[in-house]
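Asks: Structure supplied as protein-v9.txt; contents: compact mmCIF, C-alpha atoms.
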# COMPACT_ATOMS: atom_id res chain seq x y z
CA MET A 1 2.57 -44.52 20.58
CA ASP A 2 3.07 -41.12 22.15
CA ALA A 3 4.29 -38.41 19.80
CA ILE A 4 7.64 -36.79 20.55
CA ARG A 5 7.73 -32.98 20.48
CA ASN A 6 9.68 -31.38 17.66
CA THR A 7 12.00 -29.33 19.85
CA VAL A 8 14.20 -28.40 16.88
CA LEU A 9 11.33 -26.63 15.13
CA GLU A 10 10.39 -24.92 18.40
CA ALA A 11 13.96 -23.70 18.87
CA TRP A 12 14.08 -22.39 15.28
CA MET A 13 10.78 -20.50 15.71
CA THR A 14 11.94 -18.91 18.96
CA GLU A 15 15.23 -17.81 17.40
CA HIS A 16 13.53 -16.25 14.40
CA GLY A 17 10.61 -14.69 16.21
CA TYR A 18 7.77 -16.77 14.78
CA SER A 19 4.55 -17.61 16.57
CA SER A 20 2.47 -20.58 15.41
CA ASN A 21 0.09 -18.24 13.57
CA SER A 22 2.79 -16.14 11.89
CA LEU A 23 4.67 -19.24 10.66
CA ALA A 24 1.42 -20.65 9.29
CA ASP A 25 0.80 -17.37 7.42
CA ALA A 26 4.32 -17.36 5.99
CA VAL A 27 4.03 -20.96 4.80
CA ASN A 28 0.60 -20.26 3.29
CA ARG A 29 2.10 -17.44 1.22
CA ALA A 30 4.94 -19.70 0.10
CA VAL A 31 2.41 -22.39 -0.88
CA GLU A 32 0.57 -19.82 -2.99
CA GLN A 33 3.81 -18.93 -4.77
CA LEU A 34 4.47 -22.59 -5.47
CA THR A 35 0.99 -23.74 -6.48
CA GLY A 36 -1.03 -20.62 -7.23
CA ARG A 37 -3.42 -21.44 -4.38
CA VAL A 38 -3.23 -20.09 -0.84
CA GLY A 39 -2.27 -22.70 1.73
CA GLY A 40 -4.81 -23.78 4.33
CA LEU A 41 -2.61 -23.85 7.43
CA ASP A 42 -3.42 -22.11 10.68
CA GLY A 43 -1.85 -21.91 14.11
CA SER A 44 -3.17 -25.31 15.08
CA SER A 45 -1.37 -26.88 12.11
CA VAL A 46 1.98 -25.56 13.34
CA ARG A 47 1.20 -26.59 16.90
CA ALA A 48 0.62 -30.11 15.57
CA TRP A 49 4.11 -29.99 14.03
CA LYS A 50 5.63 -28.83 17.31
CA ALA A 51 3.77 -31.47 19.31
CA GLY A 52 4.99 -34.19 16.94
CA ARG A 53 1.47 -35.18 15.91
CA VAL A 54 2.48 -34.43 12.30
CA ALA A 55 5.99 -35.77 11.87
CA TRP A 56 6.26 -35.30 8.09
CA PRO A 57 4.12 -32.54 6.41
CA LYS A 58 2.64 -33.02 2.94
CA SER A 59 4.89 -32.42 -0.05
CA ALA A 60 3.76 -28.90 -1.04
CA THR A 61 3.61 -27.74 2.58
CA ARG A 62 7.03 -29.22 3.29
CA THR A 63 8.57 -27.49 0.25
CA ALA A 64 6.98 -24.18 1.24
CA LEU A 65 8.27 -24.53 4.81
CA GLU A 66 11.76 -25.19 3.47
CA ASP A 67 11.50 -22.04 1.34
CA VAL A 68 10.48 -19.98 4.36
CA THR A 69 13.18 -21.34 6.68
CA GLY A 70 15.97 -21.96 4.19
CA LEU A 71 16.47 -25.41 5.71
CA PRO A 72 15.51 -28.96 4.69
CA ALA A 73 12.65 -30.47 6.66
CA VAL A 74 14.90 -33.04 8.35
CA ALA A 75 17.07 -30.21 9.68
CA LEU A 76 13.93 -28.80 11.31
CA GLY A 77 13.34 -32.00 13.27
CA PHE A 78 10.81 -33.65 10.95
CA VAL A 79 11.05 -37.42 10.43
CA PRO A 80 10.36 -38.92 6.96
CA ARG A 81 7.74 -41.65 6.76
CA GLY A 82 9.18 -45.13 7.16
CA ARG A 83 12.00 -44.11 9.48
CA PRO A 84 11.94 -46.13 12.72
CA SER A 85 10.22 -44.38 15.59
CA PRO A 86 11.61 -44.15 19.10
CA THR A 87 10.57 -46.71 21.69
CA PRO A 88 7.36 -45.76 23.46
CA ALA A 89 6.92 -44.30 26.91
CA PRO A 90 10.51 -43.42 27.82
CA SER A 91 11.32 -42.50 31.40
CA HIS A 92 11.56 -38.83 32.36
CA GLN A 93 15.37 -38.91 32.19
CA GLU A 94 15.32 -40.85 28.92
CA GLU A 95 12.87 -38.36 27.46
CA HIS A 96 15.10 -35.47 28.58
CA ASP A 97 18.17 -37.09 27.00
CA MET A 98 16.26 -37.89 23.83
CA LYS A 99 15.08 -34.29 23.42
CA ARG A 100 18.58 -33.03 24.02
CA ARG A 101 20.00 -35.38 21.38
CA THR A 102 17.22 -34.45 18.95
CA LEU A 103 17.88 -30.75 19.42
CA VAL A 104 21.65 -31.06 19.14
CA GLY A 105 21.41 -33.43 16.18
CA GLY A 106 18.89 -31.23 14.41
CA ILE A 107 20.99 -28.12 14.87
CA ALA A 108 24.03 -29.97 13.56
CA ALA A 109 22.03 -31.15 10.54
CA ALA A 110 20.81 -27.60 9.95
CA ALA A 111 24.34 -26.28 10.01
CA ALA A 112 25.49 -29.00 7.63
CA ALA A 113 22.63 -28.30 5.24
CA ALA A 114 23.25 -24.54 5.23
CA ALA A 115 27.03 -24.74 4.93
CA ALA A 116 28.89 -24.27 1.66
CA PRO A 117 31.35 -26.99 0.66
CA GLY A 118 34.20 -26.96 3.14
CA THR A 119 34.53 -27.28 6.87
CA ALA A 120 33.23 -23.89 8.08
CA SER A 121 29.51 -23.12 8.16
CA PRO A 122 28.22 -19.57 7.59
CA ARG A 123 26.71 -17.54 10.37
CA ARG A 124 22.94 -17.72 10.71
CA ILE A 125 21.35 -14.25 10.93
CA GLY A 126 18.16 -14.22 12.99
CA MET A 127 15.54 -11.95 14.50
CA SER A 128 17.76 -11.50 17.54
CA ASP A 129 20.14 -9.54 15.29
CA VAL A 130 17.24 -7.44 14.03
CA ASN A 131 16.00 -6.81 17.57
CA ARG A 132 19.46 -5.66 18.61
CA LEU A 133 19.44 -3.11 15.78
CA ASN A 134 15.94 -1.98 16.70
CA LYS A 135 17.12 -1.15 20.22
CA ARG A 136 19.79 1.10 18.71
CA PHE A 137 17.08 2.70 16.56
CA ALA A 138 15.13 3.62 19.69
CA GLU A 139 18.29 5.31 21.03
CA ILE A 140 18.61 7.35 17.83
CA ILE A 141 14.98 8.47 18.12
CA ALA A 142 15.47 9.55 21.74
CA SER A 143 18.66 11.45 20.89
CA ASP A 144 16.89 13.24 18.04
CA HIS A 145 14.12 14.47 20.34
CA ARG A 146 16.66 15.82 22.81
CA HIS A 147 19.14 17.43 20.46
CA GLY A 148 17.60 17.72 16.99
CA GLY A 149 19.49 17.85 13.72
CA GLN A 150 23.06 17.47 14.90
CA PRO A 151 25.63 16.03 12.46
CA GLY A 152 26.58 13.46 15.11
CA ILE A 153 23.06 11.99 15.12
CA GLU A 154 23.07 11.87 11.33
CA GLU A 155 26.44 10.09 11.28
CA ARG A 156 25.41 7.50 13.89
CA ALA A 157 22.16 6.77 12.06
CA ALA A 158 23.96 6.37 8.72
CA ALA A 159 26.55 4.06 10.30
CA LEU A 160 23.81 1.86 11.76
CA ALA A 161 22.11 1.72 8.35
CA ASP A 162 25.38 0.39 6.94
CA GLU A 163 25.58 -2.12 9.79
CA ALA A 164 22.12 -3.44 8.90
CA LEU A 165 23.20 -3.89 5.28
CA ASN A 166 26.46 -5.56 6.26
CA LEU A 167 24.46 -8.18 8.15
CA GLN A 168 22.76 -9.11 4.88
CA ASN A 169 26.10 -10.44 3.65
CA ALA A 170 27.31 -11.87 6.97
CA GLY A 171 25.48 -15.18 6.72
CA SER A 172 22.33 -17.01 5.77
CA ALA A 173 18.86 -15.76 6.76
CA THR A 174 15.20 -16.31 6.01
CA GLN A 175 13.32 -13.93 3.74
CA ARG A 176 11.52 -12.54 6.79
CA VAL A 177 14.82 -11.68 8.48
CA ARG A 178 16.23 -10.17 5.28
CA SER A 179 13.13 -7.99 4.85
CA SER A 180 13.44 -6.88 8.47
CA LEU A 181 17.09 -5.98 7.96
CA TYR A 182 16.22 -3.88 4.91
CA ALA A 183 13.50 -2.18 6.97
CA SER A 184 16.01 -1.47 9.76
CA GLY A 185 18.47 -0.04 7.24
CA ALA A 186 15.73 2.16 5.78
CA ALA A 187 14.69 3.32 9.25
CA PHE A 188 18.23 4.32 10.19
CA ARG A 189 18.77 6.02 6.84
CA SER A 190 15.49 7.93 7.25
CA SER A 191 16.67 9.11 10.68
CA ALA A 192 19.89 10.35 9.08
CA MET A 193 17.72 12.09 6.49
CA TRP A 194 15.60 13.74 9.20
CA ALA A 195 18.66 14.92 11.14
CA ALA A 196 19.98 16.52 7.95
CA ILE A 197 16.59 18.16 7.26
CA ASP A 198 16.37 19.44 10.82
CA GLY A 199 19.88 20.86 10.48
CA ARG A 200 19.01 22.48 7.12
CA ARG A 201 21.55 20.31 5.24
CA TYR A 202 19.15 19.65 2.40
CA GLU A 203 21.48 18.28 -0.27
CA VAL A 204 22.79 15.71 2.20
CA ALA A 205 19.19 14.93 3.20
CA LYS A 206 18.32 14.17 -0.43
CA ALA A 207 21.15 11.65 -0.67
CA HIS A 208 19.93 9.90 2.49
CA MET A 209 16.38 9.98 1.10
CA ARG A 210 17.32 8.18 -2.10
CA GLU A 211 19.12 5.42 -0.20
CA ALA A 212 16.26 5.12 2.31
CA GLN A 213 13.66 4.83 -0.46
CA SER A 214 15.61 2.02 -2.15
CA LEU A 215 15.94 0.05 1.09
CA ALA A 216 12.28 0.59 1.97
CA GLU A 217 11.19 -0.85 -1.37
CA MET A 218 13.27 -3.98 -0.76
CA SER A 219 11.81 -4.34 2.73
CA GLY A 220 8.17 -4.04 1.68
CA ASP A 221 7.51 -2.25 5.00
CA GLN A 222 4.69 0.27 4.51
CA ALA A 223 5.32 2.10 7.79
CA ILE A 224 8.90 2.95 6.87
CA LYS A 225 7.84 3.94 3.36
CA PHE A 226 5.35 6.33 4.95
CA ARG A 227 8.05 7.81 7.18
CA ILE A 228 10.46 8.44 4.33
CA TRP A 229 7.96 10.06 1.96
CA SER A 230 6.43 12.08 4.78
CA HIS A 231 9.93 13.33 5.69
CA ALA A 232 10.44 14.22 2.03
CA GLY A 233 7.28 16.34 2.11
CA THR A 234 8.56 18.17 5.20
CA MET A 235 11.96 18.70 3.57
CA TYR A 236 10.47 20.33 0.47
CA ARG A 237 8.17 22.44 2.67
CA HIS A 238 11.18 23.80 4.56
CA MET A 239 12.87 24.46 1.21
CA GLY A 240 9.90 26.59 0.08
CA ARG A 241 8.76 24.12 -2.58
CA PRO A 242 5.12 23.40 -1.64
CA ALA A 243 4.22 21.66 -4.91
CA ASP A 244 7.00 19.10 -4.44
CA ALA A 245 6.14 18.86 -0.75
CA CYS A 246 2.52 18.08 -1.52
CA ALA A 247 3.46 15.46 -4.14
CA ALA A 248 5.87 13.68 -1.75
CA ASN A 249 3.40 13.75 1.13
CA ASP A 250 0.69 12.38 -1.18
CA VAL A 251 2.82 9.28 -1.77
CA ALA A 252 2.80 8.67 1.99
CA ARG A 253 -0.91 9.43 2.34
CA ASN A 254 -1.88 7.08 -0.50
CA LEU A 255 -0.26 4.02 1.09
CA HIS A 256 -2.75 1.37 2.17
CA LEU A 257 -1.44 1.78 5.71
CA THR A 258 -3.27 5.11 6.10
CA ARG A 259 -6.60 3.45 5.35
CA ARG A 260 -5.90 0.76 7.90
CA ASP A 261 -4.65 3.00 10.72
CA PRO A 262 -6.23 6.43 11.39
CA LEU A 263 -3.14 7.62 13.28
CA PHE A 264 -1.01 7.38 10.13
CA ALA A 265 -3.81 9.09 8.23
CA SER A 266 -3.87 11.86 10.84
CA LEU A 267 -0.12 12.52 10.54
CA GLY A 268 -0.33 12.61 6.75
CA LEU A 269 -3.21 15.09 6.89
CA ALA A 270 -1.53 17.29 9.51
CA ARG A 271 1.64 17.54 7.43
CA GLN A 272 -0.51 18.25 4.39
CA GLY A 273 -2.10 21.10 6.35
CA ALA A 274 1.32 22.55 7.09
CA ILE A 275 2.18 22.38 3.38
CA HIS A 276 -1.09 24.13 2.46
CA GLY A 277 -0.17 26.88 4.93
CA THR A 278 3.17 27.40 3.18
CA ALA A 279 1.30 27.58 -0.15
CA GLN A 280 -1.16 30.16 1.32
CA ASN A 281 -4.16 27.87 0.80
CA ARG A 282 -6.25 28.97 3.76
CA THR A 283 -9.33 26.82 3.11
CA ASP A 284 -7.33 23.67 2.41
CA THR A 285 -5.26 24.28 5.53
CA ARG A 286 -8.29 24.46 7.78
CA ARG A 287 -9.90 21.42 6.18
CA ALA A 288 -6.73 19.32 6.48
CA PHE A 289 -6.37 20.02 10.19
CA GLU A 290 -10.03 19.33 10.87
CA GLN A 291 -9.65 15.95 9.14
CA ALA A 292 -6.36 15.26 10.94
CA GLN A 293 -8.01 15.92 14.30
CA ASP A 294 -10.94 13.67 13.43
CA ALA A 295 -8.62 10.84 12.34
CA MET A 296 -6.59 11.15 15.55
CA LEU A 297 -9.74 10.82 17.64
CA ARG A 298 -10.68 7.66 15.72
CA ALA A 299 -7.28 6.00 16.23
CA ASP A 300 -7.15 3.15 18.74
CA PRO A 301 -4.32 3.86 21.22
CA ALA A 302 -3.92 0.12 21.82
CA ASP A 303 -2.97 -0.68 18.20
CA HIS A 304 0.61 -1.77 17.56
CA ARG A 305 2.66 0.97 15.89
CA PRO A 306 6.38 1.57 15.19
CA VAL A 307 8.48 3.23 17.87
CA TRP A 308 9.28 6.28 15.75
CA LEU A 309 5.59 7.15 15.40
CA LEU A 310 4.72 6.60 19.05
CA ALA A 311 7.72 8.66 20.14
CA PHE A 312 6.52 11.92 18.60
CA TYR A 313 3.06 11.96 17.01
CA ASP A 314 0.31 13.00 19.40
CA GLN A 315 -1.96 15.98 20.02
CA ALA A 316 1.03 18.23 20.75
CA GLU A 317 2.62 17.46 17.37
CA LEU A 318 -0.67 18.05 15.56
CA ASP A 319 -0.90 21.48 17.24
CA SER A 320 2.74 22.17 16.40
CA LEU A 321 2.09 21.59 12.71
CA ALA A 322 -1.05 23.77 12.91
CA LEU A 323 1.03 26.50 14.58
CA SER A 324 3.50 26.41 11.69
CA ALA A 325 0.72 26.55 9.11
CA TYR A 326 -1.16 29.48 10.64
CA LEU A 327 2.06 31.43 11.12
CA SER A 328 2.70 31.02 7.39
CA LEU A 329 -0.84 32.22 6.65
CA GLY A 330 -0.43 35.30 8.89
CA ASP A 331 -3.28 34.16 11.16
CA TYR A 332 -1.39 34.99 14.34
CA PRO A 333 -4.18 34.60 16.95
CA THR A 334 -4.89 31.06 15.71
CA ALA A 335 -1.17 30.33 15.64
CA GLU A 336 -0.85 31.52 19.25
CA TYR A 337 -3.77 29.29 20.27
CA HIS A 338 -2.11 26.19 18.83
CA ALA A 339 1.23 27.16 20.36
CA HIS A 340 -0.22 27.24 23.87
CA ARG A 341 -2.03 23.92 23.28
CA CYS A 342 1.17 22.34 22.05
CA LEU A 343 3.31 23.56 24.96
CA ALA A 344 0.69 22.38 27.46
CA SER A 345 0.79 18.78 26.21
CA LEU A 346 4.40 18.30 25.04
CA ARG A 347 6.07 15.29 26.62
CA PRO A 348 9.23 16.02 28.68
CA HIS A 349 11.61 14.30 26.26
CA MET A 350 10.56 16.59 23.36
CA VAL A 351 13.28 19.15 24.09
CA ARG A 352 13.86 20.15 20.47
CA SER A 353 10.11 20.50 19.82
CA ARG A 354 9.65 22.71 22.89
CA ALA A 355 12.37 25.08 21.70
CA ILE A 356 10.82 25.32 18.22
CA THR A 357 7.30 25.85 19.56
CA THR A 358 8.46 28.51 22.03
CA THR A 359 10.23 30.40 19.25
CA ARG A 360 7.17 30.24 17.01
CA LEU A 361 4.98 31.50 19.84
CA ALA A 362 7.32 34.48 20.22
CA HIS A 363 6.86 35.25 16.51
CA ALA A 364 3.06 35.04 16.84
CA LEU A 365 3.05 37.39 19.83
CA LEU A 366 5.36 39.91 18.16
CA ALA A 367 3.21 39.98 15.03
CA GLN A 368 0.24 40.93 17.24
CA GLY A 369 2.13 43.90 18.71
CA ALA A 370 3.07 42.31 22.05
CA ALA A 371 6.81 43.01 21.84
CA GLU A 372 7.57 42.63 25.55
CA ALA A 373 5.65 39.36 25.92
CA ALA A 374 7.22 38.08 22.71
CA THR A 375 10.74 38.89 23.91
CA ALA A 376 10.13 37.30 27.30
CA THR A 377 8.89 34.17 25.51
CA ALA A 378 11.88 34.00 23.16
CA MET A 379 14.24 34.33 26.12
CA LYS A 380 12.86 31.04 27.49
CA VAL A 381 14.55 29.09 24.68
CA PRO A 382 17.59 27.31 26.19
CA ALA A 383 20.98 28.60 25.07
CA ASP A 384 21.95 25.15 23.83
CA ALA A 385 19.04 25.01 21.38
CA ALA A 386 19.45 28.68 20.43
CA THR A 387 23.07 28.28 19.42
CA ARG A 388 23.39 24.66 18.23
CA HIS A 389 20.12 23.86 16.50
CA ALA A 390 20.15 25.30 12.98
CA ARG A 391 16.39 25.67 12.65
CA VAL A 392 15.93 27.31 16.05
CA SER A 393 18.92 29.61 15.51
CA ARG A 394 17.54 30.83 12.20
CA MET A 395 14.07 31.47 13.64
CA LEU A 396 15.54 33.43 16.56
CA GLN A 397 17.65 35.50 14.20
CA GLU A 398 14.48 36.29 12.25
CA PHE A 399 12.74 37.15 15.51
CA GLY A 400 15.50 39.61 16.44
CA ALA A 401 15.31 41.26 13.01
CA ALA A 402 11.51 41.58 13.27
CA LEU A 403 11.79 42.96 16.82
CA ARG A 404 14.26 45.66 15.73
CA ALA A 405 11.99 46.56 12.82
CA THR A 406 8.90 46.67 15.04
CA ALA A 407 10.31 48.51 18.06
CA PRO A 408 13.62 50.18 17.09
CA ARG A 409 15.67 51.77 19.86
CA SER A 410 13.30 50.41 22.52
CA THR A 411 14.38 48.92 25.84
CA THR A 412 12.92 45.64 24.61
CA VAL A 413 15.43 45.55 21.76
CA GLN A 414 18.22 46.34 24.20
CA THR A 415 17.06 43.52 26.50
CA TRP A 416 17.03 41.07 23.59
CA THR A 417 20.46 42.17 22.39
CA GLU A 418 21.97 41.70 25.84
CA HIS A 419 20.32 38.30 26.16
CA THR A 420 21.66 37.01 22.85
CA THR A 421 25.10 38.17 23.88
CA THR A 422 24.95 35.80 26.85
CA TRP A 423 24.05 32.98 24.40
CA ARG A 424 27.16 33.66 22.38
CA THR A 425 29.25 33.71 25.54
CA ALA A 426 27.73 30.42 26.72
CA ALA A 427 28.41 28.81 23.34
Mind converting the file's structure to structure tokens?
Replies:
Amino acid sequence: MDAIRNTVLEAWMTEHGYSSNSLADAVNRAVEQLTGRVGGLDGSSVRAWKAGRVAWPKSATRTALEDVTGLPAVALGFVPRGRPSPTPAPSHQEEHDMKRRTLVGGIAAAAAAAAAPGTASPRRIGMSDVNRLNKRFAEIIASDHRHGGQPGIEERAAALADEALNLQNAGSATQRVRSSLYASGAAFRSSAMWAAIDGRRYEVAKAHMREAQSLAEMSGDQAIKFRIWSHAGTMYRHMGRPADACAANDVARNLHLTRRDPLFASLGLARQGAIHGTAQNRTDTRRAFEQAQDAMLRADPADHRPVWLLAFYDQAELDSLALSAYLSLGDYPTAEYHAHRCLASLRPHMVRSRAITTTRLAHALLAQGAAEAATATAMKVPADAATRHARVSRMLQEFGAALRATAPRSTTVQTWTEHTTTWRTAA
């Protein structure tokens, strides 16, 4: 007798984003929790379920599958042993009708099994909901790179974090979906944290950090844990607390993820180098950036990585962090070198980063006595960034103060003063 495909299971896997291999892995882990021994399923086992060659899995496997899906096996289209089988070799139209009835009946059974007593069944939260949130996350990332630490970005990210959490209570979901929702909430909250850091709103950033850390722990997502602790290290560095910055960044660097993926290792090392620069540790700074460069060269560009990492971390960002470190150390020629490298390779969407790098280059040039070149460089910063981005505004104010101290009553100072007046007018 020909086996009939389990279209209900196929539909459930599509809805929740499972491949045959990933479902087999999830069930194997559930078997281990039940029995203490890892399950022996692989992708071919699940394909046998979908093809109908295995109509009723073994007891332990079936229980584990029910734990993963949150549904009884019969609601997933499986047929208990002893139940009459369909007549063999149906016509094409009969087969079509049969599959339709199986799918509709299975979905109805799933709804009945998941529903609480009463007539209304709860909403089923799936990976499609998670994917919708992830698209919004990509929009937040893009907005951050254009505009930097604006309160509006922080507010939108925080609101989306709340939306991810609200979905947890909006209906039933598998553990995989729930973990993904916690990861999405943590990602949005970490973006709110970064916007607050970038806008120098540090107390607010700390509150976002604590919430993000809690959500990340519930998600079990190492990449988002790395992002949050790495952000924390940057926050403490900007606050002038290098010991706390180093400790926070070490949490990120010690995650297993950094041993598995050299690109994460590179980012952790580059941010560590920036912290060492703030702490005036010249030797450690140089060593950290050498190791960061080596790790970046070892990273496979084809590996799958989260959107937030791919959107900003590259050679330009590594040079940007080196620029910051060598400015802190007072090594202005090396800082200038990294500034030019960074500006040459910055991607077009990195508007905020270009403004910061240009301002730092102006500082490096001024410290080497090139007041005119420094002023001309600083004047390239767009008025929008100069007046609305807290970090850029502060650095330009410091540049103006240093310029007046270096070349008082010069035409260069007059030029700079007139230029900043046009910024205030534009604002």
Asks: Just give me the gap between CA of Leu76 in chain A and CA of Ala55 in chain A in Å, one decimal is fine.
Replies: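 Taking CA of Leu76 in chain A and CA of Ala55 in chain A, their separation equals 10.6 Å.
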Asks: Name the closest residue to Gly70 in chain A among the candidates A:Arg259, A:Arg354, A:Arg176, A:Arg37; distances are taken between atoms, counting only C-alpha atoms.
Replies: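 Comparing A:Arg259, A:Arg354, A:Arg176, A:Arg37 against Gly70 in chain A, the winner is A:Arg176.
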Asks: Take CA of Thr421 in chain A and CA of Ala339 in chain A and report the distance between them in Å, one decimal.
Replies: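 CA of Ala339 in chain A lies at a distance of 26.5 Å from CA of Thr421 in chain A.
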Asks: If you measure from CA of Ala223 in chain A to CA of Ala186 in chain A, what distance in Å do you get, rounded to one decimal?
Replies: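 Separating CA of Ala223 in chain A from CA of Ala186 in chain A is a distance of 10.6 Å.
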Asks: Under the rule that only C-alpha atoms are counted, which of A:Asn131, A:Thr69, A:Gln168, A:Ser190 is the nearest residue to Leu23 in chain A?
Replies: A:Thr69
Asks: Might you pull out every residue within 6 Å of range 242-247 of chain A, with all atoms listed in the file counted and same-chain residues fewer than 5 positions away left off, and present them as a PyMOL selection string?
Replies: chain A and resi 233+236-237+275+279
Asks: List as a ChimeraX atom specification the protein and nucleic acid residues near range 400-406 of chain A, meaning an atom at most 9 Å away when all atoms listed in the file are counted, but skip any in the same chain fewer than 4 places from it.
Replies: /A:363,366-367,369,371,374-375,395-396,410,412-413,416-417
Asks: Which is closest to Asp42 in chain A among A:Thr278, A:Asn134, A:Asn249, A:Asn28, if we use all atoms listed in the file?
Replies: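 Counting all atoms listed in the file, the residue closest to Asp42 in chain A is A:Asn28.
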Asks: Enumerate, in order of chain and increasing residue number, the residues of range 182-286 of chain A with an atom no farther than 10 Å from range 297-300 of chain A, each with its shortest atom pair and distance in Å to one decimal, counting all atoms listed in the file, as CSV.
Replies:
residue,atom,partner,partner_atom,distance
A:Arg260,CA,A:Ala299,CA,9.9
A:Asp261,CA,A:Ala299,CA,6.8
A:Pro262,CA,A:Ala299,CA,5.0
A:Leu263,CA,A:Ala299,CA,5.3
A:Phe264,CA,A:Ala299,CA,8.9
A:Ala265,CA,A:Ala299,CA,9.3
A:Ser266,CA,A:Ala299,CA,8.7
Asks: Residues near Gln315 in chain A, anyone? I mean within 10 Å using only C-alpha atoms, not counting same-chain ones fewer than 5 positions away, as a list in words.
Replies: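 What passes the distance filter is Gln293, Met296, Leu297, Ser320, Arg341, Cys342, Ser345 and Leu346 of chain A.
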Asks: When you count all atoms listed in the file, which of these residues is closest to His208 in chain A: A:Val251, A:Ala159, A:Ala344, A:Ala373?
Replies: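 When distances to His208 in chain A are compared using all atoms listed in the file, the smallest one comes from A:Ala159.
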